[in-house]
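Below is the file structure-v6.pdb, which contains PDB, C-alpha atoms.
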ATOM      1  CA  MET A   1       9.936  85.227 104.418
ATOM      2  CA  TYR A   2       6.506  85.032 102.806
ATOM      3  CA  VAL A   3       3.570  83.044 104.239
ATOM      4  CA  GLU A   4       0.129  82.466 102.773
ATOM      5  CA  THR A   5      -2.572  80.252 104.277
ATOM      6  CA  ASP A   6      -6.252  79.388 104.153
ATOM      7  CA  LEU A   7      -6.365  79.310 107.976
ATOM      8  CA  PRO A   8      -8.414  82.005 109.756
ATOM      9  CA  SER A   9      -6.549  85.329 109.962
ATOM     10  CA  GLY A  10      -4.358  86.134 112.940
ATOM     11  CA  ASN A  11      -2.985  82.621 113.248
ATOM     12  CA  LEU A  12       0.535  83.327 112.023
ATOM     13  CA  ILE A  13       3.356  85.294 113.619
ATOM     14  CA  GLU A  14       6.928  85.675 112.440
ATOM     15  CA  ILE A  15       9.630  84.432 114.813
ATOM     16  CA  PRO A  16      13.429  84.264 114.359
ATOM     17  CA  GLN A  17      13.229  80.591 113.321
ATOM     18  CA  GLY A  18      10.483  81.262 110.717
ATOM     19  CA  PHE A  19       6.834  81.505 111.691
ATOM     20  CA  ALA A  20       4.474  80.087 114.311
ATOM     21  CA  LEU A  21       0.756  79.430 114.628
ATOM     22  CA  THR A  22      -0.867  81.333 117.515
ATOM     23  CA  SER A  23      -4.098  79.359 117.774
ATOM     24  CA  GLU A  24      -5.399  75.880 117.185
ATOM     25  CA  VAL A  25      -5.571  74.601 113.659
ATOM     26  CA  PRO A  26      -9.187  73.721 112.890
ATOM     27  CA  SER A  27      -9.852  70.105 111.985
ATOM     28  CA  GLY A  28      -9.896  69.273 108.309
ATOM     29  CA  ASP A  29      -7.557  70.156 105.482
ATOM     30  CA  SER A  30      -5.506  73.361 105.639
ATOM     31  CA  ASN A  31      -2.825  74.769 103.401
ATOM     32  CA  ILE A  32       0.174  76.870 104.331
ATOM     33  CA  ILE A  33       2.430  78.172 101.595
ATOM     34  CA  PHE A  34       5.694  79.768 102.641
ATOM     35  CA  SER A  35       8.910  80.804 100.998
ATOM     36  CA  TYR A  36      12.273  81.679 102.493
ATOM     37  CA  TYR A  37      15.108  83.708 101.058
ATOM     38  CA  ILE A  38      18.263  82.447 102.671
ATOM     39  CA  ASN A  39      21.850  83.603 102.326
ATOM     40  CA  TYR A  40      24.207  80.665 102.094
ATOM     41  CA  ASP A  41      27.904  80.257 101.500
ATOM     42  CA  SER A  42      28.284  76.615 100.530
ATOM     43  CA  SER A  43      26.611  74.063  98.287
ATOM     44  CA  LYS A  44      24.840  72.428 101.254
ATOM     45  CA  PHE A  45      22.079  73.702 103.533
ATOM     46  CA  GLU A  46      20.355  72.038 106.513
ATOM     47  CA  PHE A  47      16.867  73.085 107.571
ATOM     48  CA  PRO A  48      15.176  71.511 110.641
ATOM     49  CA  LEU A  49      11.505  72.001 109.723
ATOM     50  CA  HIS A  50       9.266  71.435 112.767
ATOM     51  CA  PHE A  51       5.678  70.147 112.595
ATOM     52  CA  PRO A  52       4.223  70.958 116.055
ATOM     53  CA  HIS A  53       0.739  69.896 114.880
ATOM     54  CA  GLY A  54       1.940  67.121 112.576
ATOM     55  CA  THR A  55       0.888  66.881 108.949
ATOM     56  CA  ASP A  56      -0.471  64.278 106.582
ATOM     57  CA  THR A  57       1.272  65.667 103.509
ATOM     58  CA  PHE A  58       4.099  68.131 103.041
ATOM     59  CA  LYS A  59       5.244  69.377  99.626
ATOM     60  CA  ILE A  60       8.177  71.535  98.749
ATOM     61  CA  ILE A  61       9.110  72.908  95.344
ATOM     62  CA  VAL A  62      12.448  74.333  94.302
ATOM     63  CA  PRO A  63      13.457  75.781  90.937
ATOM     64  CA  GLU A  64      14.833  73.113  88.626
ATOM     65  CA  GLY A  65      18.624  72.926  88.893
ATOM     66  CA  SER A  66      18.679  74.595  92.329
ATOM     67  CA  GLY A  67      19.821  71.494  94.180
ATOM     68  CA  LYS A  68      18.588  68.215  95.622
ATOM     69  CA  ILE A  69      16.479  67.834  98.770
ATOM     70  CA  SER A  70      16.489  64.915 101.196
ATOM     71  CA  GLY A  71      14.920  64.279 104.594
ATOM     72  CA  GLU A  72      12.916  61.808 106.670
ATOM     73  CA  ARG A  73      10.124  60.344 104.489
ATOM     74  CA  LEU A  74      10.736  63.029 101.855
ATOM     75  CA  SER A  75      11.269  62.077  98.216
ATOM     76  CA  PHE A  76      11.202  63.560  94.729
ATOM     77  CA  ASP A  77       7.686  63.391  93.281
ATOM     78  CA  LYS A  78       7.557  65.150  89.906
ATOM     79  CA  LYS A  79       8.401  68.184  87.786
ATOM     80  CA  VAL A  80       5.898  71.058  88.058
ATOM     81  CA  ASP A  81       5.489  73.967  85.621
ATOM     82  CA  ILE A  82       4.438  77.275  87.211
ATOM     83  CA  SER A  83       4.389  80.539  85.247
ATOM     84  CA  GLU A  84       6.646  79.159  82.517
ATOM     85  CA  LYS A  85       9.240  77.967  85.061
ATOM     86  CA  THR A  86       9.955  74.343  85.931
ATOM     87  CA  PHE A  87      10.228  73.265  89.559
ATOM     88  CA  ASP A  88      11.175  69.995  91.258
ATOM     89  CA  GLU A  89       8.448  68.881  93.670
ATOM     90  CA  TYR A  90       9.299  66.820  96.737
ATOM     91  CA  ILE A  91       6.659  65.218  98.929
ATOM     92  CA  GLY A  92       6.650  63.863 102.471
ATOM     93  CA  ASN A  93       3.857  62.037 104.288
ATOM     94  CA  ASN A  94       2.620  61.252 107.795
ATOM     95  CA  TYR A  95       4.550  63.477 110.179
ATOM     96  CA  ALA A  96       3.428  63.119 113.804
ATOM     97  CA  LYS A  97       2.814  66.025 116.191
ATOM     98  CA  GLY A  98       6.108  67.576 117.259
ATOM     99  CA  GLU A  99       8.140  65.760 114.624
ATOM    100  CA  TYR A 100      10.998  67.375 112.708
ATOM    101  CA  LEU A 101      11.737  66.975 109.043
ATOM    102  CA  ASN A 102      15.508  67.358 109.085
ATOM    103  CA  MET A 103      15.687  68.553 105.529
ATOM    104  CA  GLU A 104      19.013  68.856 103.766
ATOM    105  CA  MET A 105      19.534  70.627 100.476
ATOM    106  CA  THR A 106      22.677  69.699  98.543
ATOM    107  CA  ASN A 107      24.247  70.637  95.206
ATOM    108  CA  ILE A 108      23.066  74.227  95.614
ATOM    109  CA  PRO A 109      24.602  76.452  92.949
ATOM    110  CA  THR A 110      27.086  78.830  94.516
ATOM    111  CA  SER A 111      27.263  82.479  93.570
ATOM    112  CA  PHE A 112      29.613  83.707  90.853
ATOM    113  CA  VAL A 113      31.851  85.394  93.449
ATOM    114  CA  ASN A 114      32.165  82.166  95.470
ATOM    115  CA  LYS A 115      32.931  80.133  92.343
ATOM    116  CA  LEU A 116      35.528  82.666  91.246
ATOM    117  CA  SER A 117      37.219  82.945  94.643
ATOM    118  CA  SER A 118      37.333  79.178  95.169
ATOM    119  CA  SER A 119      38.744  78.513  91.712
ATOM    120  CA  LEU A 120      41.463  81.173  91.728
ATOM    121  CA  ASN A 121      44.864  80.774  93.275
ATOM    122  CA  PHE A 122      45.474  84.112  95.015
ATOM    123  CA  GLN A 123      49.259  83.611  95.061
ATOM    124  CA  VAL A 124      49.184  83.604  91.260
ATOM    125  CA  ILE A 125      46.970  86.705  91.247
ATOM    126  CA  ASN A 126      49.403  88.511  93.564
ATOM    127  CA  LEU A 127      52.298  87.631  91.266
ATOM    128  CA  VAL A 128      50.411  88.871  88.186
ATOM    129  CA  VAL A 129      49.494  92.149  89.929
ATOM    130  CA  ILE A 130      53.106  92.722  91.004
ATOM    131  CA  ILE A 131      54.403  92.051  87.473
ATOM    132  CA  LEU A 132      51.814  94.423  85.993
ATOM    133  CA  MET A 133      52.687  97.165  88.489
ATOM    134  CA  VAL A 134      56.423  96.802  87.789
ATOM    135  CA  ASN A 135      55.709  97.035  84.037
ATOM    136  CA  VAL A 136      53.607 100.175  84.533
ATOM    137  CA  ILE A 137      56.388 101.791  86.574
ATOM    138  CA  ILE A 138      59.029 100.850  83.976
ATOM    139  CA  ILE A 139      56.883 102.226  81.121
ATOM    140  CA  PHE A 140      56.296 105.437  83.105
ATOM    141  CA  PHE A 141      60.031 106.020  83.574
ATOM    142  CA  ILE A 142      60.830 105.127  79.927
ATOM    143  CA  LEU A 143      58.226 107.604  78.676
ATOM    144  CA  ARG A 144      59.499 110.249  81.089
ATOM    145  CA  TYR A 145      63.074 109.659  79.914
ATOM    146  CA  PHE A 146      62.118 110.043  76.225
ATOM    147  CA  LYS A 147      60.023 113.121  76.987
ATOM    148  CA  ASN A 148      62.911 114.771  78.866
ATOM    149  CA  ASN A 149      65.344 113.789  76.065
ATOM    150  CA  SER A 150      63.115 115.303  73.400
ATOM    151  CA  LYS A 151      62.887 118.566  75.407
ATOM    152  CA  LYS A 152      66.706 118.675  75.775
ATOM    153  CA  ASN A 153      67.182 118.042  72.022
ATOM    154  CA  ALA A 154      64.635 120.743  71.170
ATOM    155  CA  THR A 155      66.496 123.358  73.287
ATOM    156  CA  HIS A 156      69.945 122.574  71.759
TER     157      HIS A 156
END

I need this file expressed as C-alpha cells, please.
Amino acid sequence: MYVETDLPSGNLIEIPQGFALTSEVPSGDSNIIFSYYINYDSSKFEFPLHFPHGTDTFKIIVPEGSGKISGERLSFDKKVDISEKTFDEYIGNNYAKGEYLNMEMTNIPTSFVNKLSSSLNFQVINLVVIILMVNVIIIFFILRYFKNNSKKNATH
C-alpha cells in the first residue's frame, strides 16, 4: 500500500484493512492519494471503502482495460492520461460521515496461469502425458534392441 496526502504529518497509520487517520482532519480541502496492490483469483473484487469523516468528492483511477468499477453514487467520469498511460477515472460525490462506498470491480483481467488452467481440460492433458511417456518407453526399448543387435552382429 502507498499513501500520500497534504494533511499534516503523523496523521496516517497502516492497519490490516488499509490505513487510518490518527487525528482530526482540518477543515477545508484535503487530498489523500493511495494505491493498493491486491492479489486476486477471479475477475471480480469487492472493496468496502469506509469514509469515517465523510467526503465531498472521491475519485479513483484504474489503468484502462483493467476492469469496471461500480458502487454507491460512483460513476465513470472520463479518460485520464498520466505519464503516457491512459486511465479510467471514476468519481463519487457526497459521502456522509461513517458511510461506506461498497465498491465492486468486475471484468478484471485474470493472470495467464489462471486463464490457462481454467481453459484446459486436465483429463486430456493426463491422457497426452501418458501417451507421450508410453512412446518414450517404446522408443527407448526399440533403440536398445537395435543397439544390442548391432553389437551381436559385430561380434559374429

| Selection under test: the PyMOL selection byres ((chain A and resi 66) around 10); residues as an MDAnalysis selection string | chainID A and resid 43 62:65 67:69 87:88 105:110

| remark: Residue with the minimum atom-to-atom distance to A:Arg73, picked from A:Phe45, A:Tyr37, A:Tyr100, A:Phe141 with only C-alpha atoms counted, is A:Tyr100

| said: List the spatial neighbours of A:Asp29 as a ChimeraX atom specification - criterion: any atom at most 12 Å away, all atoms listed in the file, same-chain residues fewer than 3 positions off excluded. | reply: /A:5-7,25-26,32,55-57

| message | List the spatial neighbours of A:Ile61 as a list in words - criterion: any atom at most 10 Å away, all atoms listed in the file, same-chain residues fewer than 4 positions off excluded. | response |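 Counting only the stated atoms, we get Ser35, Ile69, Phe76, Asp77, Lys78, Lys79, Val80, Thr86, Phe87, Asp88, Glu89, Tyr90 and Ile91 of chain A.
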
May I have the selected residues written with C-alpha atoms, as a PDB file, in the frame of the given file?
ATOM      1  CA  SER A  35       8.910  80.804 100.998  1.00  0.00           C
ATOM      2  CA  ILE A  69      16.479  67.834  98.770  1.00  0.00           C
ATOM      3  CA  PHE A  76      11.202  63.560  94.729  1.00  0.00           C
ATOM      4  CA  ASP A  77       7.686  63.391  93.281  1.00  0.00           C
ATOM      5  CA  LYS A  78       7.557  65.150  89.906  1.00  0.00           C
ATOM      6  CA  LYS A  79       8.401  68.184  87.786  1.00  0.00           C
ATOM      7  CA  VAL A  80       5.898  71.058  88.058  1.00  0.00           C
ATOM      8  CA  THR A  86       9.955  74.343  85.931  1.00  0.00           C
ATOM      9  CA  PHE A  87      10.228  73.265  89.559  1.00  0.00           C
ATOM     10  CA  ASP A  88      11.175  69.995  91.258  1.00  0.00           C
ATOM     11  CA  GLU A  89       8.448  68.881  93.670  1.00  0.00           C
ATOM     12  CA  TYR A  90       9.299  66.820  96.737  1.00  0.00           C
ATOM     13  CA  ILE A  91       6.659  65.218  98.929  1.00  0.00           C
TER      14      ILE A  91
END

| Between atom CA of A:Val3 and atom CA of A:Gly18, what is the distance, to one decimal in Å? | 9.6 Å

| note | A straight line from atom CA of A:Pro52 to atom CA of A:Phe19 spans 11.7 Å

| field | Atomic distance atom CA of A:Asn39 - atom CA of A:Ser70, expressed in Å with one decimal | value |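 Between these atoms lies a distance of 19.5 Å.
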
| task | Return the single residue from A:Met103, A:Leu143, A:Asn149, A:Leu127 that is closest to A:Lys44, with distances computed using all atoms listed in the file. | result |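 Closest to A:Lys44 of all the choices is A:Met103.
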
To test the calculation: enclose all listed atoms of stretch 57-63 of chain A in a box whose edges run along x, y and z, add 4 Å on each side, then state centre and edge lengths in Å to one decimal, as AutoDock Vina command-line options.
--center_x 7.4 --center_y 70.7 --center_z 97.2 --size_x 20.2 --size_y 18.1 --size_z 20.6
